[in-house]
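Read through the structure below, which is laid out as structure tokens, and then see the notes.
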Amino acid sequence: MCKVFHIFSLSAILISGCSNDTQSNDQNNQHMMNQNNNEGNHHMMGDSAMGNGHMSHDDVVRLEDSTGENELYIPPLLTSETTEGTEYIVKAQKGKVNIFEGVTTETLGYNGDLLGPVLQFKKGETVKIKTINELDEETTFHWHGLEVSGEADGGPHKTLSPSEEALIEFEVTQEAATLWFHPHPEGKTSEQVYKGLAGLIYIEDSNSDKLEIPKEYGKNDIPLVFQDRIFDEQGQLDYKAVMNEDGTIGDTLLVNGTVNPELTVGKEQVRLRLLNGSNARNFTFKLNTGESFVQIATDGGFLNDPLKLNEVTLTPSERAEIIIDFSQLNSTDDLSLINEDGSILLPFDVSNQEVDRTQTLGQLNDFAVTEEEKNMPVTKNIELFGMMDHVTINGKKFDSRRIDFTQKQGVTEVWEIYNRKDMMGGMIHPFHIHGTEFKILSRNGIEPEENERGWKDSIAVHPGEKVKIAVQFKHKGVYMFHCHILEHEDNGMMGQIEVK
Ligand SMILES: [Cu+2]
């Protein structure tokens with residue numbers, strides 16, 4: 001079916017995508033009509049056709065504005081099962097949630113109905129996690145951004161069958177950062193994440209302990225998981241009906257699983273830990289007033305200095321920590337975090353009470369790219385290519401029996417990631433490597449922007465772009481590298497590296 005589309009109608013692929021069943025084709029045609037008519041009057045639920053926005057378009061389906069009618073849900077911090085403070089239980093389970101009033105939506109979650117708790121680890125501690133699969137299908141527990149052995153990493157080799165348990169153990173050796181966890185079963189990652197399996201991991205260390213930054217969890221240090229979804233007329237997440245081979249894009253935003261969220265904050269500095277937890281949608285976060293904020297952290301750690309910005313873009317799986325000083329804004333009426341296209345993501349209810357704890361943000365970190373790293377030759381070449389289910393890395397699709405690269409433990413190598421354009425121009429692929437935080441050396445030969453001069457584990461690679469990164473693995477094992485558009489990953493845009 002896809003082949004026929006490719007031969008006879010390239011424009012049809014561009015606009016509607018290709019698909020294997022007539023129902024989806026009807027939806028795609030409907031989507032074309034919607035686009036042509038500029039029809040925007042769809043409902044919160046029920047217009048799943050809106051979901052088939054194509055990532056290679058600049059104008060993907062716009063998100064419904066958040067009405068702000070629901071206070072943002074703050075997930076619990078997961079506490080340890082022992083007094084040693086290092087043993088946790090993380091259980092993948094099925095859930096039922098009232099995302100919409102009076103409607104029960106079937107979901108998946110960790111230790112609960114939807115999404116998961118925030119795991120908090122301290123650098124230097126040995127963490128034991130008992131992982132339990134209470135789903136009806138296989139899953140894995142992947143710790144995204146965590147520098148652990150391939151055994152503990154939770155890639156597609158480490159599946160747990162239904163009702164199976166596994167104990168994993170690792171030492172936390174990396175610096176303070178906001179990481180996350182999600183499933184990684186081969187071919188099933190996108191659906192399981194879509195239905196609600198994801199959670200945040202905070203790593204703290206002596207540096208983050210002493211920094212004068214907001215750190216009261218849920219008060220002025222806020223976890224924020226942004227995900228777009230499509231709900232059917234019954235208010236369900238029917239992934240198979242709406243999935244798009246090029247990345248499923250929704251019209252409804254959930255933040256921490258809350259629809260139409262609002263965040264109540266004090267007139268003070270508030271730290272937002274942003275995760276783009278979508279399957280495929282990119283976000284560009286900014287204030288509706290156009291005023292600036294500061295970014296303090298990338299995927300894997302603090303920037304050296306707070307960086308004043310008006311907006312920050314995150315592709316799927318990327319994180320940024322920002323601080324908004326609500327005591328310094330011109331007006332706090334109708335204030336909200338918006339997306340690039342102006343859609344309202346998160347309205348703020350700013351209390352009038354002045355909170356006097358504004359701190360001067362000083363130096364945060366001592367991240368550096370060495371001269372040696374800058375001058376190292378490229379020793380690994382990665383070519384990202386394609387769209388839909390024709391995505392490849394170095395011309396190949398994932399094969400769990402094939403090791404694509406090897407690298408020595410503790411030895412830095414320079415990888416060059418090239419996003420080769422296709423005849424339609426191509427699309428951004430967010431490239432992620434497991435088990436490591438890397439440094440960006442250059443984008444098309446030029447030093448990266450200031451807000452990318454910090455540890456990264458995922459990077460947006462634009463069509464035609466060549467990105468050089470310095471990669472070192474602290475531990476041994478087999479690790480995945482892949483596109484973090486989850487449908488691309490499931491379609492085989494993934495390879496394996498063995499670290500010896
Ligand atoms: Cu991709």
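By convention in this document, the chains of the structure tokens carry letters A, B, ... by their order, each chain's residues are numbered from 1, and ligands are numbered from 1 in the order they are shown.
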
Legend entry - All residues 10 Å or closer to A:Val391, only C-alpha atoms, same chain fewer than 5 positions away omitted, as a PyMOL selection string: chain A and resi 245-246+384-386+396-397+483+487-494

Once you have the residues from the selection above, write them out as a compact mmCIF listing (two decimals), in the first residue's frame, restricted to N, CA, C and O atoms.
# COMPACT_ATOMS: atom_id res chain seq x y z
N GLU A 245 2.83 6.87 11.02
CA GLU A 245 4.16 6.25 10.88
C GLU A 245 5.28 7.26 11.06
O GLU A 245 6.41 6.90 11.35
N ASP A 246 4.94 8.53 10.86
CA ASP A 246 5.97 9.56 10.94
C ASP A 246 5.95 10.28 12.28
O ASP A 246 6.56 11.33 12.44
N LEU A 384 21.31 9.63 9.25
CA LEU A 384 19.86 9.49 9.48
C LEU A 384 19.17 9.77 8.15
O LEU A 384 19.50 10.74 7.47
N PHE A 385 18.19 8.94 7.81
CA PHE A 385 17.53 9.17 6.52
C PHE A 385 16.08 8.66 6.54
O PHE A 385 15.79 7.63 7.14
N GLY A 386 15.24 9.41 5.84
CA GLY A 386 13.93 8.89 5.50
C GLY A 386 12.78 9.44 6.32
O GLY A 386 12.93 10.32 7.15
N LYS A 396 20.33 1.11 7.15
CA LYS A 396 19.82 -0.14 7.73
C LYS A 396 18.71 0.11 8.74
O LYS A 396 18.64 1.17 9.36
N LYS A 397 17.90 -0.91 8.89
CA LYS A 397 16.90 -0.90 9.96
C LYS A 397 17.43 -1.70 11.14
O LYS A 397 18.33 -2.52 11.00
N CYS A 483 16.52 7.44 16.72
CA CYS A 483 15.69 8.64 16.60
C CYS A 483 14.64 8.58 17.69
O CYS A 483 14.03 7.54 17.92
N GLU A 487 7.77 6.68 16.78
CA GLU A 487 7.34 5.84 15.66
C GLU A 487 8.51 5.54 14.73
O GLU A 487 8.55 4.47 14.13
N HIS A 488 9.45 6.46 14.61
CA HIS A 488 10.65 6.17 13.82
C HIS A 488 11.48 5.09 14.51
O HIS A 488 11.99 4.17 13.86
N GLU A 489 11.62 5.21 15.81
CA GLU A 489 12.35 4.18 16.57
C GLU A 489 11.69 2.81 16.33
O GLU A 489 12.37 1.83 16.01
N ASP A 490 10.37 2.77 16.50
CA ASP A 490 9.67 1.49 16.31
C ASP A 490 9.74 1.00 14.87
O ASP A 490 9.66 -0.21 14.61
N ASN A 491 9.89 1.93 13.92
CA ASN A 491 10.03 1.55 12.52
C ASN A 491 11.47 1.16 12.15
O ASN A 491 11.79 1.00 10.99
N GLY A 492 12.33 1.09 13.13
CA GLY A 492 13.68 0.56 12.88
C GLY A 492 14.78 1.59 12.79
O GLY A 492 15.91 1.27 12.41
N MET A 493 14.49 2.86 13.13
CA MET A 493 15.53 3.89 13.06
C MET A 493 16.37 3.85 14.34
O MET A 493 16.35 4.77 15.17
N MET A 494 17.08 2.74 14.47
CA MET A 494 17.81 2.46 15.72
C MET A 494 18.97 1.53 15.40
O MET A 494 18.89 0.66 14.52

Inset, instruction - May I have the residues within 6 Å of stretch 134-138 of chain A as a ChimeraX atom specification, using only C-alpha atoms and disregarding those fewer than 4 positions away in the same chain? - result: /A:92-93,160-163

If you keep all heavy atoms, can you produce a file of those selected residues as an mmCIF file, in the first residue's frame?
data_model
loop_
_atom_site.group_PDB
_atom_site.id
_atom_site.type_symbol
_atom_site.label_atom_id
_atom_site.label_comp_id
_atom_site.auth_asym_id
_atom_site.auth_seq_id
_atom_site.Cartn_x
_atom_site.Cartn_y
_atom_site.Cartn_z
ATOM 1 N N ALA A 92 5.047 -1.129 36.324
ATOM 2 C CA ALA A 92 4.262 -0.690 35.157
ATOM 3 C C ALA A 92 2.892 -1.347 35.257
ATOM 4 O O ALA A 92 2.794 -2.565 35.431
ATOM 5 C CB ALA A 92 4.953 -1.106 33.866
ATOM 6 N N GLN A 93 1.857 -0.553 35.167
ATOM 7 C CA GLN A 93 0.513 -1.098 35.380
ATOM 8 C C GLN A 93 -0.525 -0.404 34.498
ATOM 9 O O GLN A 93 -0.260 0.651 33.928
ATOM 10 C CB GLN A 93 0.128 -0.951 36.852
ATOM 11 C CG GLN A 93 0.086 0.491 37.323
ATOM 12 C CD GLN A 93 -0.133 0.609 38.828
ATOM 13 O OE1 GLN A 93 0.785 0.411 39.629
ATOM 14 N NE2 GLN A 93 -1.367 0.929 39.200
ATOM 15 N N LEU A 160 10.677 -7.586 30.207
ATOM 16 C CA LEU A 160 9.995 -8.320 31.274
ATOM 17 C C LEU A 160 8.651 -8.771 30.723
ATOM 18 O O LEU A 160 7.897 -7.969 30.164
ATOM 19 C CB LEU A 160 9.753 -7.433 32.495
ATOM 20 C CG LEU A 160 10.949 -6.946 33.306
ATOM 21 C CD1 LEU A 160 10.476 -6.332 34.619
ATOM 22 C CD2 LEU A 160 11.926 -8.066 33.582
ATOM 23 N N SER A 161 8.365 -10.060 30.879
ATOM 24 C CA SER A 161 7.061 -10.582 30.469
ATOM 25 C C SER A 161 6.007 -10.152 31.491
ATOM 26 O O SER A 161 6.358 -9.724 32.586
ATOM 27 C CB SER A 161 7.113 -12.112 30.413
ATOM 28 O OG SER A 161 8.129 -12.505 29.521
ATOM 29 N N PRO A 162 4.733 -10.291 31.140
ATOM 30 C CA PRO A 162 3.694 -9.952 32.117
ATOM 31 C C PRO A 162 3.911 -10.694 33.437
ATOM 32 O O PRO A 162 4.255 -11.870 33.441
ATOM 33 C CB PRO A 162 2.412 -10.417 31.425
ATOM 34 C CG PRO A 162 2.714 -10.286 29.973
ATOM 35 C CD PRO A 162 4.162 -10.645 29.830
ATOM 36 N N SER A 163 3.767 -9.979 34.523
ATOM 37 C CA SER A 163 3.959 -10.411 35.925
ATOM 38 C C SER A 163 5.402 -10.778 36.286
ATOM 39 O O SER A 163 5.659 -11.271 37.380
ATOM 40 C CB SER A 163 2.966 -11.502 36.340
ATOM 41 O OG SER A 163 3.100 -12.628 35.525
#

Legend entry - Minimum-distance residue to A:Val350, chosen among A:Thr67, A:Asn220, A:Asn444, A:Gln363 (using only C-alpha atoms):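 Distance minimum relative to A:Val350 lands on A:Asn220.
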
Counting only C-alpha atoms, give me one row per residue of stretch 136-210 of chain A with an atom at most 12 Å from an atom of stretch 406-414 of chain A, showing the shortest contact pair and its distance in Å to one decimal, sorted by chain then residue number, as a tab-separated table.
residue	atom	partner	partner_atom	distance
A:Glu147	CA	A:Gly410	CA	11.8
A:Val148	CA	A:Gln409	CA	11.8
A:Ser149	CA	A:Gln409	CA	10.5
A:Gly150	CA	A:Gln409	CA	11.6

Same residues, N, CA and C atoms, saved as a compact mmCIF listing (two decimals), in the first residue's frame:
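File result.txt, as written:
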# COMPACT_ATOMS: atom_id res chain seq x y z
N GLU A 147 23.72 7.21 33.23
CA GLU A 147 24.97 6.55 32.83
C GLU A 147 25.13 5.28 33.65
N VAL A 148 24.58 4.20 33.10
CA VAL A 148 24.62 2.90 33.77
C VAL A 148 25.04 1.84 32.76
N SER A 149 25.28 0.62 33.24
CA SER A 149 25.69 -0.47 32.36
C SER A 149 24.56 -0.82 31.39
N GLY A 150 24.93 -1.46 30.29
CA GLY A 150 23.92 -1.91 29.34
C GLY A 150 22.91 -2.85 29.99

Legend entry - Sel. of helix (DSSP H, G or I) residues, stretch 333-442 of chain A, as a list in words: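 Those in stretch 333-442 of chain A that DSSP calls helix (DSSP H, G or I) are Glu371, Glu372, Glu373, Lys374 and Asn375 of chain A.
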
Legend entry - Selected residue of minimal separation from A:Val172 among A:Gln234, A:Thr79, A:Asn352, A:Thr86, counting only C-alpha atoms: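 So, comparing all the options, the nearest one is A:Thr86.
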
Inset, instruction - Rank nothing, just name the residue among A:His475, A:Lys466, A:His432, A:Lys210 nearest to ligand 1, using only C-alpha atoms and all ligand atoms. - result: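 Checking each of A:His475, A:Lys466, A:His432, A:Lys210 against ligand 1, counting only C-alpha atoms and all ligand atoms, the winner is A:His432.
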
Inset, instruction - Measuring atom to atom with only C-alpha atoms and all ligand atoms, identify which of A:Trp415, A:Phe473, A:Phe348, A:Phe481 is nearest to ligand 1. - result: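 Checking each candidate against ligand 1, we get A:Phe481 as the closest.
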
Legend entry - Spatial neighbours of stretch 253-260 of chain A, 7 Å, only C-alpha atoms, chain gap at least 3 places, as a list in words: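 Surrounding residues, per the criterion: Leu63, Ser66, Thr67, Gly68, Glu69, Asn70, Leu72, Tyr73, Ile74, Ile99, Leu114, Leu224, Val225, Phe226, Gln227, Asp228 and Arg229 of chain A.
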
Output C-alpha atoms for every residue in the selection just made, as a CSV table (one decimal), in the first residue's frame.
chain,number,residue,atom,x,y,z
A,63,LEU,CA,-2.7,22.3,20.0
A,66,SER,CA,-5.2,25.4,27.6
A,67,THR,CA,-8.3,26.9,29.3
A,68,GLY,CA,-6.5,26.7,32.6
A,69,GLU,CA,-9.5,25.2,34.3
A,70,ASN,CA,-7.5,22.4,36.1
A,72,LEU,CA,-1.6,21.1,37.3
A,73,TYR,CA,-1.1,17.7,38.9
A,74,ILE,CA,2.3,17.4,40.7
A,99,ILE,CA,-8.7,13.2,32.5
A,114,LEU,CA,-1.0,7.6,34.5
A,224,LEU,CA,6.6,19.5,33.7
A,225,VAL,CA,6.0,16.7,31.3
A,226,PHE,CA,4.5,18.0,28.0
A,227,GLN,CA,2.7,15.5,25.8
A,228,ASP,CA,0.3,15.9,22.9
A,229,ARG,CA,-2.5,13.3,22.6

Inset, instruction - Compile the contact shell of A:Tyr239 as a list in words: residues with an atom at most 8 Å away, counting only C-alpha atoms, same-chain residues fewer than 2 positions apart removed. - result: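 After dropping sequence-adjacent residues, the list is Glu191, Tyr194, Lys195, Leu237, Ala241, Val242 and Met243 of chain A.
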